[in-house]
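Source file upload-v9.txt; content: compact mmCIF, C-alpha atoms.
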# COMPACT_ATOMS: atom_id res chain seq x y z
CA MET A 335 -30.87 126.80 -97.94
CA LYS A 336 -29.91 123.98 -95.77
CA LYS A 337 -26.42 124.16 -97.18
CA LYS A 338 -26.17 127.80 -96.40
CA ILE A 339 -27.17 127.29 -92.77
CA ARG A 340 -24.57 124.58 -92.34
CA ASN A 341 -21.82 126.78 -93.73
CA GLN A 342 -22.90 129.65 -91.53
CA SER A 343 -22.75 127.50 -88.40
CA ALA A 344 -19.29 126.16 -89.38
CA ASP A 345 -18.15 129.73 -89.98
CA LYS A 346 -19.48 130.75 -86.58
CA LYS A 347 -17.53 127.92 -84.92
CA SER A 348 -14.29 128.84 -86.66
CA ASN A 349 -14.92 132.48 -85.88
CA ILE A 350 -15.39 131.70 -82.20
CA PHE A 351 -11.89 130.14 -82.00
CA ASN A 352 -10.44 133.00 -84.03
CA SER A 353 -11.90 135.68 -81.83
CA PHE A 354 -9.63 137.77 -79.57
CA ALA A 355 -11.50 136.95 -76.33
CA VAL A 356 -11.21 133.21 -76.82
CA ARG A 357 -7.51 133.50 -77.64
CA VAL A 358 -6.91 135.60 -74.52
CA GLY A 359 -8.89 133.09 -72.45
CA ILE A 360 -6.87 130.16 -73.78
CA PHE A 361 -3.62 132.09 -73.20
CA ILE A 362 -4.61 132.94 -69.62
CA SER A 363 -5.62 129.31 -69.02
CA LEU A 364 -2.25 128.06 -70.27
CA VAL A 365 -0.38 130.65 -68.20
CA LEU A 366 -2.37 129.67 -65.09
CA LEU A 367 -1.73 125.99 -65.79
CA VAL A 368 2.02 126.60 -66.03
CA VAL A 369 2.09 128.88 -62.96
CA LEU A 370 -0.03 126.53 -60.83
CA GLY A 371 2.01 123.53 -61.98
CA ALA A 372 5.24 125.31 -61.05
CA LYS A 373 3.75 126.29 -57.66
CA ALA A 374 2.71 122.69 -57.02
CA ILE A 375 6.25 121.49 -57.79
CA PHE A 376 7.76 124.21 -55.59
CA ASP A 377 5.35 123.42 -52.72
CA ASN A 378 6.14 119.72 -53.01
CA ASN A 379 9.89 120.35 -52.87
CA TYR A 380 9.48 122.80 -49.99
CA GLU A 381 7.37 120.33 -47.98
CA GLN A 382 9.88 117.57 -48.64
CA GLU A 383 12.77 119.78 -47.50
CA LEU A 384 10.82 120.82 -44.41
CA ALA A 385 10.00 117.20 -43.58
CA MET A 386 13.68 116.28 -43.87
CA GLN A 387 14.69 119.18 -41.61
CA ASN A 388 12.06 118.17 -39.05
CA ALA A 389 13.26 114.55 -39.13
CA GLU A 390 16.86 115.72 -38.67
CA THR A 391 15.86 117.98 -35.79
CA THR A 392 13.90 115.16 -34.17
CA LYS A 393 16.85 112.77 -34.43
CA LEU A 394 19.16 115.40 -32.98
CA GLU A 395 16.81 115.98 -30.05
CA GLU A 396 16.52 112.23 -29.46
CA GLY A 397 20.31 111.96 -29.48
CA GLN A 398 20.60 114.82 -27.01
CA LYS A 399 18.08 113.17 -24.68
CA ILE A 400 20.01 109.90 -24.82
CA ALA A 401 23.27 111.76 -24.17
CA GLU A 402 21.74 113.59 -21.20
CA LYS A 403 20.41 110.32 -19.77
CA LEU A 404 23.81 108.66 -20.22
CA GLU A 405 25.58 111.64 -18.67
CA LYS A 406 23.24 111.52 -15.68
CA SER A 407 23.76 107.78 -15.26
CA LEU A 408 27.54 108.09 -15.44
CA SER A 409 27.48 111.03 -13.04
CA ASN A 410 25.33 109.06 -10.59
CA ALA A 411 27.61 106.03 -10.91
CA TYR A 412 30.65 108.19 -10.25
CA GLN A 413 28.94 109.77 -7.24
CA MET A 414 27.98 106.39 -5.84
CA GLY A 415 31.56 105.12 -6.19
CA TYR A 416 32.91 108.35 -4.74
CA ASP A 417 30.60 108.06 -1.72
CA VAL A 418 31.76 104.51 -0.99
CA LYS A 419 35.37 105.62 -1.42
CA VAL A 420 34.93 108.55 0.99
CA LEU A 421 33.27 106.32 3.56
CA ALA A 422 36.10 103.77 3.34
CA GLU A 423 38.78 106.48 3.47
CA THR A 424 37.08 108.10 6.46
CA MET A 425 37.06 104.77 8.29
CA MET A 426 40.70 104.23 7.43
CA ASP A 427 41.73 107.75 8.49
CA LYS A 428 39.70 108.02 11.67
CA LEU A 429 39.71 104.48 13.05
CA ASP A 430 42.43 102.05 14.03
CA GLN A 431 42.58 98.95 11.83
CA LYS A 432 41.07 96.75 14.51
CA ASP A 433 38.07 99.09 14.87
CA ARG A 434 37.14 99.30 11.18
CA ASN A 435 33.85 97.67 10.29
CA ARG A 436 33.45 95.70 7.06
CA LYS A 437 29.75 95.10 7.63
CA MET A 438 29.05 98.80 8.01
CA LEU A 439 30.87 99.60 4.76
CA VAL A 440 29.09 96.79 2.87
CA SER A 441 25.74 97.81 4.36
CA ALA A 442 26.24 101.42 3.23
CA ALA A 443 27.17 100.25 -0.27
CA ILE A 444 24.06 98.01 -0.39
CA LYS A 445 21.86 100.97 0.52
CA MET A 446 23.51 103.13 -2.15
CA LEU A 447 22.97 100.43 -4.77
CA GLU A 448 19.34 99.93 -3.76
CA SER A 449 18.64 103.66 -3.98
CA ASN A 450 20.15 103.92 -7.47
CA SER A 451 18.19 101.86 -9.98
CA PHE A 452 20.56 102.71 -12.86
CA ALA A 453 23.44 100.69 -11.39
CA SER A 454 23.59 96.91 -11.41
CA GLY A 455 26.47 96.47 -9.01
CA ILE A 456 29.25 98.02 -6.95
CA GLY A 457 32.51 96.58 -5.73
CA ILE A 458 34.74 97.24 -2.74
CA TYR A 459 38.26 95.84 -3.09
CA PHE A 460 41.32 96.19 -0.86
CA PRO A 461 44.84 94.77 -1.12
CA ASP A 462 45.84 92.09 1.40
CA ASN A 463 45.25 93.26 4.99
CA ALA A 464 44.88 96.87 3.90
CA PHE A 465 41.50 97.52 5.51
CA ASP A 466 41.34 95.86 8.90
CA GLU A 467 44.04 93.16 9.12
CA MET A 468 41.24 90.58 9.44
CA ASP A 469 42.00 88.79 6.17
CA ALA A 470 43.38 85.75 7.99
CA THR A 471 40.09 85.15 9.80
CA GLU A 472 37.46 86.73 7.53
CA GLY A 473 39.14 86.47 4.16
CA ARG A 474 40.41 89.24 1.98
CA PHE A 475 38.08 92.27 1.83
CA THR A 476 37.03 92.06 -1.80
CA VAL A 477 33.27 92.23 -2.03
CA TYR A 478 30.94 92.67 -4.97
CA ILE A 479 27.35 93.76 -4.41
CA HIS A 480 24.81 93.29 -7.18
CA ARG A 481 21.14 92.52 -7.81
CA PRO A 482 20.87 89.73 -10.35
CA ASP A 483 17.13 89.14 -10.00
CA GLY A 484 16.01 92.31 -8.27
CA GLN A 485 17.33 91.16 -4.89
CA THR A 486 20.56 92.68 -3.65
CA GLU A 487 23.28 90.27 -2.64
CA ALA A 488 26.91 90.67 -1.64
CA PHE A 489 29.62 88.08 -2.07
CA TYR A 490 33.35 87.97 -1.46
CA GLU A 491 35.54 87.47 -4.52
CA ASP A 492 38.90 85.75 -4.70
CA GLY A 493 41.49 85.98 -7.45
CA VAL A 494 41.07 89.63 -8.37
CA ASP A 495 44.76 90.55 -8.36
CA ASP A 496 45.25 89.68 -12.02
CA LYS A 497 42.07 91.35 -13.32
CA ASP A 498 42.45 94.53 -15.39
CA TRP A 499 39.58 96.26 -13.60
CA TYR A 500 41.35 95.72 -10.28
CA THR A 501 44.94 96.50 -11.24
CA ASN A 502 43.88 99.52 -13.30
CA ALA A 503 42.73 101.36 -10.17
CA PHE A 504 46.17 101.00 -8.58
CA THR A 505 48.20 101.86 -11.66
CA GLU A 506 46.06 104.80 -12.81
CA LYS A 507 45.32 106.15 -9.32
CA LYS A 508 42.15 107.77 -10.67
CA THR A 509 38.62 106.87 -11.60
CA THR A 510 38.59 104.78 -14.75
CA LEU A 511 35.83 103.61 -17.02
CA LEU A 512 36.23 100.05 -18.26
CA ASP A 513 34.36 98.00 -20.82
CA PRO A 514 31.30 96.19 -19.43
CA TYR A 515 31.66 92.51 -18.75

Render the structure in this file as structure tokens.
Amino acid sequence: MKKKIRNQSADKKSNIFNSFAVRVGIFISLVLLVVLGAKAIFDNNYEQELAMQNAETTKLEEGQKIAEKLEKSLSNAYQMGYDVKVLAETMMDKLDQKDRNRKMLVSAAIKMLESNSFASGIGIYFPDNAFDEMDATEGRFTVYIHRPDGQTEAFYEDGVDDKDWYTNAFTEKKTTLLDPY
């Protein structure tokens, strides 16, 4: 009798795995496993693609901000140089050479430099005796204004005639952008 009970319980176990409901359940489980695995792979790839697009967009936006900042700085630098040029030309057009004022022009350039934190210096350069015919007594009017340690200072420069940044302005007769020095 004991043998018979054992055989019956083994038959029940084999019958359970042979039944239709268990087979359908196993089939559904395998299908769900495949579908959910495929969805996980798809979601992972989608998230990775989205992360790459977001990183690319962020880099592009950062580049645009840098370009805008650079454009603004160059525009401000051009405006500052233009303002000094207009002031010098106005003095030269409206005043006799003996009445032109170097100190006023340098003072105006100092104020422009101090009000524009983006710029480190500005130069005002004239050929021999072109501004006020005072080169014999005051030296040639070639002044560079800068702020090396946060304090603005102006100094007269000699020997600029052979420098590219000086001769370029006369040969090009337009605003030029040169390499930094």

Within 6 Å of Tyr478 (chain A) using all atoms listed in the file, minus same-chain residues under 3 positions, as a VMD selection string: chain A and resid 456 to 457 488 to 489

All residues 12 Å or closer to Phe452 (chain A), all atoms listed in the file, same chain fewer than 3 positions away omitted, as a VMD selection string: chain A and resid 403 to 412 414 446 to 449 455 to 456 480 to 481

One-decimal distance in Å that lies between CA of Phe475 (chain A) and CA of Lys445 (chain A): 18.5 Å

CA of Val477 (chain A) to CA of Glu491 (chain A), distance in Å rounded to a single decimal: 5.8 Å

Interatomic distance, CA of Ser451 (chain A) to CA of Gln485 (chain A) (Å, one decimal): 11.9 Å

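With all atoms listed in the file as the atoms that count, the minimum distance from Lys419 (chain A) to the choices A:Ile458, A:Val440, A:Ala374, A:Asn435 is reached by A:Ile458.
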
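Counting all atoms listed in the file and comparing A:Pro461, A:Gly371, A:Gly473, A:Gly484, the residue that lies closest to Tyr500 (chain A) is A:Pro461.
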
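Minimum distance to Thr501 (chain A) across A:Ile360, A:Thr424, A:Tyr459, A:Asn388 (counting all atoms listed in the file) occurs at A:Tyr459.
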
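For the point (35.1, 94.2, 11.8), the residues with an atom at a distance of at most 12 Å are Met425, Leu429, Asp430, Gln431, Lys432, Asp433, Arg434, Asn435, Arg436, Lys437, Met438, Leu439, Val440, Phe465, Asp466, Glu467, Met468, Asp469, Thr471, Glu472, Gly473 and Phe475 of chain A, counting all atoms listed in the file.
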
Generate the output file for the selected residues, C-alpha atoms, as a short mmCIF file (atom, residue, chain, number, x, y, z; two decimals), in the coordinates of the input.
data_model
loop_
_atom_site.label_atom_id
_atom_site.label_comp_id
_atom_site.auth_asym_id
_atom_site.auth_seq_id
_atom_site.Cartn_x
_atom_site.Cartn_y
_atom_site.Cartn_z
CA MET A 425 37.06 104.77 8.29
CA LEU A 429 39.71 104.48 13.05
CA ASP A 430 42.43 102.05 14.03
CA GLN A 431 42.58 98.95 11.83
CA LYS A 432 41.07 96.75 14.51
CA ASP A 433 38.07 99.09 14.87
CA ARG A 434 37.14 99.30 11.18
CA ASN A 435 33.85 97.67 10.29
CA ARG A 436 33.45 95.70 7.06
CA LYS A 437 29.75 95.10 7.63
CA MET A 438 29.05 98.80 8.01
CA LEU A 439 30.87 99.60 4.76
CA VAL A 440 29.09 96.79 2.87
CA PHE A 465 41.50 97.52 5.51
CA ASP A 466 41.34 95.86 8.90
CA GLU A 467 44.04 93.16 9.12
CA MET A 468 41.24 90.58 9.44
CA ASP A 469 42.00 88.79 6.17
CA THR A 471 40.09 85.15 9.80
CA GLU A 472 37.46 86.73 7.53
CA GLY A 473 39.14 86.47 4.16
CA PHE A 475 38.08 92.27 1.83
#

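Residue nearest Thr486 (chain A), chosen from A:Asp462, A:Asp417, A:Ala503, A:Ala443 and counting all atoms listed in the file: A:Ala443.
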